[in-house]
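Asks: For reference, this is model_39.txt, and it has compact mmCIF, C-alpha atoms.
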```
# COMPACT_ATOMS: atom_id res chain seq x y z
CA GLY Q 1 0.00 0.00 0.00
CA GLN Q 2 0.87 3.65 0.03
CA ASN Q 3 1.92 5.59 3.14
CA ILE Q 4 -0.21 8.69 3.25
CA ASP Q 5 -0.23 10.45 6.60
CA GLN Q 6 -2.26 13.37 7.84
CA PRO Q 7 -3.27 14.45 11.35
CA THR Q 8 -6.44 12.90 12.68
CA GLU Q 9 -7.96 16.02 14.19
CA MET Q 10 -7.44 19.78 14.25
CA THR Q 11 -9.32 22.66 15.81
CA ALA Q 12 -9.32 26.38 15.06
CA THR Q 13 -11.44 29.47 15.62
CA GLU Q 14 -13.51 31.48 13.16
CA GLY Q 15 -11.48 33.96 11.16
CA ALA Q 16 -8.20 32.13 11.79
CA ILE Q 17 -5.87 30.37 9.35
CA VAL Q 18 -5.24 26.63 9.53
CA GLN Q 19 -2.74 24.43 7.69
CA ILE Q 20 -3.45 20.72 7.21
CA ASN Q 21 -0.37 18.70 6.32
CA CYS Q 22 -0.10 15.52 4.28
CA THR Q 23 3.00 13.42 3.74
CA TYR Q 24 3.27 10.52 1.36
CA GLN Q 25 5.69 7.85 0.21
CA THR Q 26 4.97 6.42 -3.20
CA SER Q 27 6.62 5.51 -6.49
CA GLY Q 28 5.39 6.86 -9.79
CA PHE Q 29 3.81 9.92 -8.19
CA ASN Q 30 1.48 11.67 -10.60
CA GLY Q 31 -0.42 14.25 -8.60
CA LEU Q 32 -2.09 15.05 -5.28
CA PHE Q 33 -5.73 15.87 -4.61
CA TRP Q 34 -7.50 17.44 -1.65
CA TYR Q 35 -11.16 16.71 -0.92
CA GLN Q 36 -13.61 18.10 1.63
CA GLN Q 37 -16.22 15.88 3.23
CA HIS Q 38 -18.98 17.13 5.51
CA ALA Q 39 -20.53 14.65 7.92
CA GLY Q 40 -22.92 12.29 6.16
CA GLU Q 41 -22.09 13.65 2.72
CA ALA Q 42 -19.88 12.61 -0.20
CA PRO Q 43 -16.36 14.02 -0.63
CA THR Q 44 -16.09 17.03 -2.93
CA PHE Q 45 -13.02 18.09 -4.87
CA LEU Q 46 -11.00 21.05 -3.59
CA SER Q 47 -7.66 21.13 -5.38
CA TYR Q 48 -5.14 19.25 -7.51
CA ASN Q 49 -1.35 19.73 -7.51
CA VAL Q 50 0.97 18.20 -10.07
CA LEU Q 51 3.96 20.55 -9.98
CA ASP Q 52 5.80 21.99 -6.99
CA GLY Q 53 4.42 25.18 -5.59
CA LEU Q 54 1.28 26.85 -4.34
CA GLU Q 55 -2.12 26.74 -6.02
CA GLU Q 56 -4.52 29.38 -4.73
CA LYS Q 57 -8.28 29.20 -5.04
CA GLY Q 58 -10.11 31.80 -3.02
CA ARG Q 59 -9.83 31.11 0.73
CA PHE Q 60 -8.20 27.72 0.05
CA SER Q 61 -4.64 27.11 -1.15
CA SER Q 62 -2.71 23.90 -1.66
CA PHE Q 63 1.04 23.43 -1.72
CA LEU Q 64 3.15 20.56 -3.05
CA SER Q 65 6.80 19.59 -2.71
CA ARG Q 66 7.43 16.46 -4.78
CA SER Q 67 11.01 16.05 -3.56
CA LYS Q 68 9.86 16.02 0.06
CA GLY Q 69 6.69 14.00 -0.46
CA TYR Q 70 4.75 16.76 1.27
CA SER Q 71 1.62 18.78 0.71
CA TYR Q 72 -0.51 21.11 2.76
CA LEU Q 73 -3.95 22.62 2.48
CA LEU Q 74 -4.23 26.18 3.79
CA LEU Q 75 -7.61 27.52 4.81
CA LYS Q 76 -7.90 31.26 5.46
CA GLU Q 77 -10.63 33.33 7.12
CA LEU Q 78 -12.13 30.21 8.61
CA GLN Q 79 -15.90 29.92 8.78
CA MET Q 80 -18.08 27.56 10.78
CA LYS Q 81 -19.09 25.80 7.56
CA ASP Q 82 -15.44 24.77 7.06
CA SER Q 83 -15.88 22.21 9.84
CA ALA Q 84 -15.44 18.97 7.90
CA SER Q 85 -13.04 16.14 7.16
CA TYR Q 86 -10.24 16.96 4.70
CA LEU Q 87 -8.88 14.08 2.64
CA CYS Q 88 -5.50 13.94 0.96
CA ALA Q 89 -5.27 11.59 -2.04
CA VAL Q 90 -2.31 10.59 -4.23
CA SER Q 91 -2.39 9.55 -7.88
CA ARG Q 92 0.18 7.19 -9.39
CA GLY Q 93 0.80 7.01 -13.11
CA SER Q 94 1.30 3.27 -13.08
CA THR Q 95 -2.16 2.58 -11.66
CA LEU Q 96 -4.39 4.34 -14.10
CA GLY Q 97 -7.39 5.99 -12.56
CA ARG Q 98 -6.80 4.94 -9.00
CA LEU Q 99 -6.40 7.36 -6.07
CA TYR Q 100 -4.84 6.45 -2.73
CA PHE Q 101 -6.52 8.24 0.17
CA GLY Q 102 -5.23 9.22 3.57
CA ARG Q 103 -7.53 8.69 6.56
CA GLY Q 104 -8.63 12.29 6.63
CA THR Q 105 -8.23 15.21 9.05
CA GLN Q 106 -11.33 16.22 11.01
CA LEU Q 107 -11.32 20.01 11.33
CA THR Q 108 -13.56 21.67 13.90
CA VAL Q 109 -14.03 25.43 13.69
CA TRP Q 110 -15.17 27.11 16.92
CA PRO Q 111 -16.96 30.48 17.11
CA ASP G 1 -24.28 19.60 -13.48
CA VAL G 2 -22.22 16.42 -13.35
CA LYS G 3 -23.79 13.51 -11.60
CA VAL G 4 -22.87 10.23 -9.97
CA THR G 5 -26.03 8.57 -8.73
CA GLN G 6 -26.26 5.64 -6.35
CA SER G 7 -29.47 3.66 -6.37
CA SER G 8 -30.20 3.83 -2.63
CA ARG G 9 -29.33 6.17 0.21
CA TYR G 10 -30.13 3.65 2.96
CA LEU G 11 -30.44 -0.13 2.84
CA VAL G 12 -31.12 -2.77 5.47
CA LYS G 13 -30.40 -6.37 4.52
CA ARG G 14 -30.27 -9.69 6.33
CA THR G 15 -27.18 -11.82 6.82
CA GLY G 16 -26.68 -14.16 3.88
CA GLU G 17 -28.65 -12.07 1.39
CA LYS G 18 -27.19 -11.18 -1.99
CA VAL G 19 -27.02 -7.39 -2.22
CA PHE G 20 -26.68 -5.20 -5.30
CA LEU G 21 -25.51 -1.60 -5.10
CA GLU G 22 -25.88 0.31 -8.34
CA CYS G 23 -24.01 3.39 -9.52
CA VAL G 24 -24.56 5.44 -12.67
CA GLN G 25 -22.53 8.39 -13.97
CA ASP G 26 -23.43 10.75 -16.79
CA MET G 27 -19.96 12.18 -17.52
CA ASP G 28 -18.70 9.52 -19.93
CA HIS G 29 -15.86 8.73 -17.50
CA GLU G 30 -13.63 5.75 -18.12
CA ASN G 31 -12.85 5.06 -14.48
CA MET G 32 -15.32 4.01 -11.80
CA PHE G 33 -14.69 3.03 -8.20
CA TRP G 34 -16.36 1.48 -5.19
CA TYR G 35 -15.15 2.48 -1.71
CA ARG G 36 -16.33 1.76 1.76
CA GLN G 37 -15.86 4.27 4.54
CA ASP G 38 -15.73 3.37 8.21
CA PRO G 39 -14.93 5.59 11.21
CA GLY G 40 -11.19 5.82 11.82
CA LEU G 41 -10.34 3.84 8.68
CA GLY G 42 -10.99 6.38 5.98
CA LEU G 43 -11.89 5.50 2.41
CA ARG G 44 -10.87 1.98 1.41
CA LEU G 45 -11.01 0.86 -2.19
CA ILE G 46 -12.95 -2.33 -2.87
CA TYR G 47 -12.83 -2.57 -6.66
CA PHE G 48 -12.32 -0.25 -9.58
CA SER G 49 -12.78 -0.38 -13.32
CA TYR G 50 -10.97 1.60 -16.02
CA ASP G 51 -13.04 0.36 -18.94
CA VAL G 52 -16.17 -1.57 -19.78
CA LYS G 53 -15.93 -5.22 -18.70
CA MET G 54 -12.59 -4.47 -16.98
CA LYS G 55 -12.18 -4.70 -13.23
CA GLU G 56 -9.30 -4.49 -10.79
CA LYS G 57 -9.20 -5.49 -7.14
CA GLY G 58 -8.63 -2.75 -4.64
CA ASP G 59 -7.42 -3.16 -1.08
CA ILE G 60 -10.39 -5.06 0.38
CA PRO G 61 -12.12 -7.10 -2.37
CA GLU G 62 -12.96 -10.14 -0.24
CA GLY G 63 -16.70 -10.77 -0.04
CA TYR G 64 -17.46 -8.45 -2.96
CA SER G 65 -17.69 -8.64 -6.72
CA VAL G 66 -18.43 -6.04 -9.40
CA SER G 67 -19.94 -5.76 -12.83
CA ARG G 68 -19.41 -3.17 -15.55
CA GLU G 69 -21.40 -4.10 -18.64
CA LYS G 70 -21.93 -0.50 -19.76
CA LYS G 71 -19.62 2.49 -19.46
CA GLU G 72 -22.00 4.50 -17.33
CA ARG G 73 -22.91 1.81 -14.80
CA PHE G 74 -20.82 0.06 -12.16
CA SER G 75 -22.44 -2.40 -9.79
CA LEU G 76 -21.14 -3.70 -6.47
CA ILE G 77 -22.36 -7.12 -5.38
CA LEU G 78 -22.20 -8.58 -1.91
CA GLU G 79 -22.48 -12.28 -2.61
CA SER G 80 -23.60 -13.20 0.92
CA ALA G 81 -23.95 -10.19 3.17
CA SER G 82 -22.38 -10.33 6.61
CA THR G 83 -22.62 -7.97 9.57
CA ASN G 84 -19.02 -6.79 9.08
CA GLN G 85 -20.10 -5.36 5.73
CA THR G 86 -22.26 -2.80 7.49
CA SER G 87 -20.75 0.44 6.24
CA MET G 88 -21.10 3.54 4.08
CA TYR G 89 -20.46 2.65 0.44
CA LEU G 90 -19.32 5.37 -1.95
CA CYS G 91 -19.16 5.17 -5.73
CA ALA G 92 -16.95 7.54 -7.72
CA SER G 93 -15.94 8.17 -11.31
CA SER G 94 -13.07 9.98 -12.99
CA SER G 95 -11.35 10.41 -16.31
CA THR G 96 -7.74 9.97 -17.41
CA THR G 97 -6.04 12.47 -19.70
CA MET G 98 -3.98 11.59 -22.75
CA ASP G 99 -0.78 12.07 -20.74
CA ARG G 100 -1.99 9.55 -18.16
CA ARG G 101 -3.01 12.01 -15.47
CA ASN G 102 -6.13 11.50 -13.41
CA THR G 103 -8.81 14.13 -13.28
CA GLU G 104 -10.66 14.68 -10.05
CA ALA G 105 -13.05 11.97 -8.91
CA PHE G 106 -16.73 12.76 -8.52
CA PHE G 107 -18.55 10.90 -5.78
CA GLY G 108 -22.09 9.68 -5.42
CA GLN G 109 -24.09 10.55 -2.31
CA GLY G 110 -23.31 7.23 -0.64
CA THR G 111 -25.33 4.21 0.45
CA ARG G 112 -25.47 3.44 4.14
CA LEU G 113 -25.87 -0.35 4.31
CA THR G 114 -26.84 -2.10 7.50
CA VAL G 115 -26.65 -5.90 7.61
CA VAL G 116 -28.65 -7.45 10.44
```
Rewrite the coordinates I just gave you, this time as structure tokens.
Replies:
Amino acid sequence: GQNIDQPTEMTATEGAIVQINCTYQTSGFNGLFWYQQHAGEAPTFLSYNVLDGLEEKGRFSSFLSRSKGYSYLLLKELQMKDSASYLCAVSRGSTLGRLYFGRGTQLTVWP
Amino acid sequence: DVKVTQSSRYLVKRTGEKVFLECVQDMDHENMFWYRQDPGLGLRLIYFSYDVKMKEKGDIPEGYSVSREKKERFSLILESASTNQTSMYLCASSSTTMDRRNTEAFFGQGTRLTVV
């Protein structure tokens, strides 16, 4: 299997900034996805990184370092509705179509 | 609006029953997946398919089989349901680009299966 690690839980307050880290060890790395999943709902796509660097999309940004096997998801100006599980997923070129998911980070945003 | 549709939101079945979970996507995606999600274990891949009539085992295929007779439909079959198959089942689909990169996966709303 693939080693994809992310913290189990994080907490933060409204208006703050939080960084969720993901480390991975895999061969044939092809790209890294971040998904958001609210309780009882399906995961929804947030971001996709293929090259090193930061991808910004509104309040959410995602960073990738391929040499370090490391990514993070940065959430700014936190809102209560950002309370959810955040899933890191790795794509490998040798296994067409398949994603390898981490166990998810449960983020709780307090007022 | 893109759609992955699972046939049931909630199901209750008895031990030993044969159970069919259906998934349909309208995006002409090549790849389709079945996951189960359990607290503390995350998403675990059961089976996936990258083409019609093609299937590949995921990490936990035991006790399950799949069928993909048409591109848009991917079925998960529990041959003889057991209580340890009580879980949330998620179907997903995605595409693969010409340079062998995966596009994002789109998920269905999930089927919460309880086996009693």
Asks: Between Q:Phe29, Q:Tyr86, Q:Tyr70, Q:Tyr24, which has the minimum distance to Leu46 in chain Q (counting all atoms listed in the file)?
Replies: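 Ranking Q:Phe29, Q:Tyr86, Q:Tyr70, Q:Tyr24 by distance to Leu46 in chain Q, first place goes to Q:Tyr86.
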Asks: Give me, as JSON lines, each residue of chain Q that comes within 8 Å of chain G, together with its shortest interatomic pair and the distance in Å at one decimal, counting all atoms listed in the file, with rows ordered by chain and rising residue number.
Replies:
```
{"residue": "Q:Asn30", "atom": "CA", "partner": "G:Arg101", "partner_atom": "CA", "distance": 6.6}
{"residue": "Q:Gly31", "atom": "CA", "partner": "G:Arg101", "partner_atom": "CA", "distance": 7.7}
{"residue": "Q:Phe33", "atom": "CA", "partner": "G:Glu104", "partner_atom": "CA", "distance": 7.4}
{"residue": "Q:Glu41", "atom": "CA", "partner": "G:Gln109", "partner_atom": "CA", "distance": 6.2}
{"residue": "Q:Ala42", "atom": "CA", "partner": "G:Gln109", "partner_atom": "CA", "distance": 5.1}
{"residue": "Q:Pro43", "atom": "CA", "partner": "G:Phe107", "partner_atom": "CA", "distance": 6.4}
{"residue": "Q:Thr44", "atom": "CA", "partner": "G:Phe106", "partner_atom": "CA", "distance": 7.1}
{"residue": "Q:Phe45", "atom": "CA", "partner": "G:Glu104", "partner_atom": "CA", "distance": 6.6}
{"residue": "Q:Tyr48", "atom": "CA", "partner": "G:Glu104", "partner_atom": "CA", "distance": 7.6}
{"residue": "Q:Ser91", "atom": "CA", "partner": "G:Asn102", "partner_atom": "CA", "distance": 7.0}
{"residue": "Q:Gly93", "atom": "CA", "partner": "G:Arg100", "partner_atom": "CA", "distance": 6.3}
{"residue": "Q:Leu96", "atom": "CA", "partner": "G:Arg100", "partner_atom": "CA", "distance": 7.0}
{"residue": "Q:Gly97", "atom": "CA", "partner": "G:Asn102", "partner_atom": "CA", "distance": 5.7}
{"residue": "Q:Arg98", "atom": "CA", "partner": "G:Phe48", "partner_atom": "CA", "distance": 7.6}
{"residue": "Q:Phe101", "atom": "CA", "partner": "G:Leu43", "partner_atom": "CA", "distance": 6.4}
{"residue": "Q:Gly102", "atom": "CA", "partner": "G:Gly42", "partner_atom": "CA", "distance": 6.9}
{"residue": "Q:Arg103", "atom": "CA", "partner": "G:Gly42", "partner_atom": "CA", "distance": 4.2}
{"residue": "Q:Gly104", "atom": "CA", "partner": "G:Gly42", "partner_atom": "CA", "distance": 6.4}
```
Asks: For those residues, write C-alpha atoms to a file as a compact mmCIF listing (two decimals), in the coordinates of the input.
Replies:
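Contents of the output file again_22.txt:
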```
# COMPACT_ATOMS: atom_id res chain seq x y z
CA ASN Q 30 1.48 11.67 -10.60
CA GLY Q 31 -0.42 14.25 -8.60
CA PHE Q 33 -5.73 15.87 -4.61
CA GLU Q 41 -22.09 13.65 2.72
CA ALA Q 42 -19.88 12.61 -0.20
CA PRO Q 43 -16.36 14.02 -0.63
CA THR Q 44 -16.09 17.03 -2.93
CA PHE Q 45 -13.02 18.09 -4.87
CA TYR Q 48 -5.14 19.25 -7.51
CA SER Q 91 -2.39 9.55 -7.88
CA GLY Q 93 0.80 7.01 -13.11
CA LEU Q 96 -4.39 4.34 -14.10
CA GLY Q 97 -7.39 5.99 -12.56
CA ARG Q 98 -6.80 4.94 -9.00
CA PHE Q 101 -6.52 8.24 0.17
CA GLY Q 102 -5.23 9.22 3.57
CA ARG Q 103 -7.53 8.69 6.56
CA GLY Q 104 -8.63 12.29 6.63
```
Asks: What is the distance, in Å and to one decimal place, between CA of Gly58 in chain Q and CA of Leu75 in chain Q?
Replies: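 Rounded to one decimal, the two atoms are 9.3 Å apart.
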Asks: If you count all atoms listed in the file, which residues fall within 6 Å of range 51-55 of chain Q, apart from same-chain ones fewer than 5 positions away, as a ChimeraX atom specification?
Replies: /Q:61-65
Asks: Taking C-alpha atoms for each residue, export the selection above as a PDB file, keeping the file's coordinate frame.
Replies:
```pdb
ATOM      1  CA  SER Q  61      -4.640  27.110  -1.150  1.00  0.00           C
ATOM      2  CA  SER Q  62      -2.710  23.900  -1.660  1.00  0.00           C
ATOM      3  CA  PHE Q  63       1.040  23.430  -1.720  1.00  0.00           C
ATOM      4  CA  LEU Q  64       3.150  20.560  -3.050  1.00  0.00           C
ATOM      5  CA  SER Q  65       6.800  19.590  -2.710  1.00  0.00           C
TER       6      SER Q  65
END
```
Asks: In Å to one decimal, how far is CA of Tyr100 in chain Q from CA of Asn3 in chain Q?
Replies: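 CA of Tyr100 in chain Q lies at a distance of 9.0 Å from CA of Asn3 in chain Q.
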Asks: Excluding Ile77 in chain G and any residue of its chain fewer than 5 positions from it, enumerate the residues within 10 Å of it, using all atoms listed in the file, and give them as a count of residues only.
Replies: 10
Asks: Would you compute the box with edges along x, y and z of the file around range 39-56 of chain Q, including every atom the file lists for it and 8 Å extra on each side, and give its centre and edge lengths in Å to one decimal, as lines of an AutoDock Vina configuration file?
Replies:
```
center_x = -8.6
center_y = 20.8
center_z = -1.1
size_x = 44.7
size_y = 33.1
size_z = 34.0
```
Asks: Show me, as number ranges by chain, the residues that have an atom within 8 Å of Leu99 in chain Q when counting only C-alpha atoms, minus same-chain residues fewer than 3 positions from it.
Replies: Q: 89-92
Asks: Grab the CA of Trp34 in chain G to CA of Gln37 in chain Q distance for me, in Å with one decimal place.
Replies: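 Computing the Euclidean distance for CA of Trp34 in chain G and CA of Gln37 in chain Q yields 16.7 Å.
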Asks: Counting all atoms listed in the file, find residues at most 12 Å from (-17.6, 25.2, 3.4) (file frame) and give them as a PyMOL selection string.
Replies: chain Q and resi 35-39+43-46+58-60+75-86+107-109
Asks: With only C-alpha atoms as the atoms that count, which of Q:Met10, Q:Thr105, Q:Trp110, Q:Gly69 lies nearest to Val50 in chain Q?
Replies: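 Of Q:Met10, Q:Thr105, Q:Trp110, Q:Gly69, the one nearest Val50 in chain Q is Q:Gly69, counting only C-alpha atoms.
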